[in-house]
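Colleague: Please find one structure pasted underneath; my questions will follow.
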Amino acid sequence: MSWITARRRHPAAGYAILVLGLLLIGTVYAAITEGSAGASAPPVANAKQIAYGRKLFVATCATCHGEYAQGQADTAPSLIGVGAAAVDFQVSTGRMPAAELGAENPRKTPRLNERQTHAVAAYIQSLGGGPPIPSAAEVSTTGANVGLGQRLFVAECAQCHNFVGAGGALTYGKYAPALTQATPTQIYEAMLTGPEAMPVFNNATITPAEKRDIIAYVTRVRSEANPGGFSLGRIGPVTEGLVAFLGLLLFCVLAAMWITAKQRKAHD
Amino acid sequence: MTDGMKPGQPGEGGWQSGHDPADAAEPEGHGSPHRVIGTPPPAEARTMLAAQDTAPEHVRELPADPDDPVRAKKVERLVAAIFTLAFLAGCGFIASYVLFTGHTLVGVQHSNMALGGSLALVLLLLGIGTVIWVRHLMPAVELTEERHPLRSTEEERAEFKETFEEGAEASQFVKRPLLRRTLMLASLPLAAAPLVLLRDLGPLPHNDLDYTVWRKGLRLWVYGANRPISPAEFDTPGSVISIIPAGYQDDDDALAKAAVIIIKFRPGQLHFTKENHPVNDKVVENWTVDNIVAYSKICTHVGCPAALYEQTTHHILCPCHQSTFDATRGAKVIFGPAPRPLPQLPITVDAQGYLVAKGDFDQPVGPSFFERGSFPQ
């Protein structure tokens, strides 16, 4: 401590504290913005699984969606015919069961595990059909055309999700979520089923191969290098310009302070 | 002009001897008693202090040396070290220019980084060294310097006027109107040249803004995939997809106006009109196929791609300025700065069952412009 005591009134101490503070903020921010991703396997539906799914549905979902998934006016839509893909998307991303009624259900830690999710999905599938959960091969990006994926993503998805999938605002509190944590299966299911305000892109409109191209672009763009070391939310050159501007401004202020600081006389 | 003598006065004798060596090319013995505009005045006129007989005694205003010679020596070494580093960084700049010659993207990145970094380092070190020099070696003494009126004296002004007028006369510019006028004539084309250059900035738009490449029977292609699409394929309510005119995938000029989105609705969601032209709040039923509507993708505000579609509210949003259109009511503007609904493209199906246009839009797409509507659709 005596080392600090001796130097705390040093003319450079203020600058040192400032720099240390900025470093600390940057490090903590970088640490908490790390993401992770999971994976899921296609289910094999059978009567036992459907019965288990029915049990889980009544316990977890029926409060809002009704005992027979018929839905409730102004609260929850009917789930008959939405298909297993829609259920898997909503439950595996943690959006369902919803914590509260709001404009947008945020992504959160899933309440049901993968086996339970697939059971509920199989139950809903048994009610009225609909798009099934895609297999691992259907969402594989091996050999995908990332360039075509980018063209399609920019034309069909970027107006809401941002050109690198950073997400964006919609109307009345709704928003298009960031795609930084979505798994390939979830991206595929979202395109196929159109959750919430998102439009549907069925397999005839955007073919499964093109969906894989889009998934390849979305997942590939996450690993693109960030010039300067930080992604800055990836919302485009505006953030980078702002940070560069503010950084340089700070530097100029510090430089001006140093140039014009009162000279210390020999007898000080 | 402390000597009060007019420069170039006849009989002065200083005129020929006093001019600069640079003027030696002029013919000697010109004989003119007057100065020519643009040549320096005689030496006598320029040495204002020469007439003063006694210079004031020199009083030192600044100390010759810093107070602390030991510290000054230390600072001197520090600044010298910084300047040496700046020299090395400068050598590094030249070295990077020679060494990084890659023509790949990564090579150019490295080259830019090395060149910019070393140059920035040179300038930064020079600045830092200079500031340290100024702050620690140069004296910090406040000096006062009296200001003088900026206006020239009456004599100087009169003399300037005289010189100017003499010059104007001697140049023959006033006396010889033929020369003057042909000179002005010669400079006219140069003055007019910008008009021609401006004209060449691009071809005149003519009526290009009023029409798109959509025509009867032209297929709707899915953007990116470049394939036709049928109502049977585009059959899920809540679907939306970007469309281009078939075969125009590489024609950016055409796509800039002809881009379209098609949206599929459930039966009963659309508010139809039986009319064959746009009606406020309504979708032209005759221009749709199986509850599929085609709207221009170009926002009527400033032309951004308005393709942000919410299938729950059936709103089309423009991401630039939040103009909001109700897709079930003929893309009526319900919020934002857009002045008009998005134009609806008349569509039908061809013999193979693929979606085709019934014709061009019934109005110019995109933002307003002065001559909008002056050509029949």
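Convention: chains lettered A, B, ... in structure tokens order; per-chain residue numbering from 1; ligands numbered from 1 as shown.
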Using DSSP secondary structure from the backbone, list all alpha helix (DSSP H) positions within range 37-159 of chain A, as a VMD selection string.

Modeller: chain A and resid 47 to 60 62 to 65 83 to 92 114 to 128 146 to 152 158 to 159

Colleague: If we count only C-alpha atoms, which residues of chain A reach to within 10 Å of chain B? Please list them as a ChimeraX atom specification.

Modeller: /A:147-161,168-171,174,191-207,210,255,258-266

Colleague: Go through A:Gly173, A:Gly81, A:Pro97, A:Gly167 and flag the residue nearest Val218 in chain A, using only C-alpha atoms for the distances.

Modeller: A:Gly167

Colleague: Got a sec: who's within 6 Å of range 107-109 of chain A, counting only C-alpha atoms, leaving out chain neighbours fewer than 2 positions off, as a PDB file with C-alpha atoms, in the first residue's frame?

Modeller:
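Done, and the output landed in around.pdb:
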```pdb
ATOM      1  CA  THR A  93     -35.197 -21.800 -27.179  1.00  0.00           C
ATOM      2  CA  GLY A  94     -36.910 -21.358 -23.798  1.00  0.00           C
ATOM      3  CA  ARG A  95     -39.510 -18.979 -25.275  1.00  0.00           C
TER       4      ARG A  95
END
```
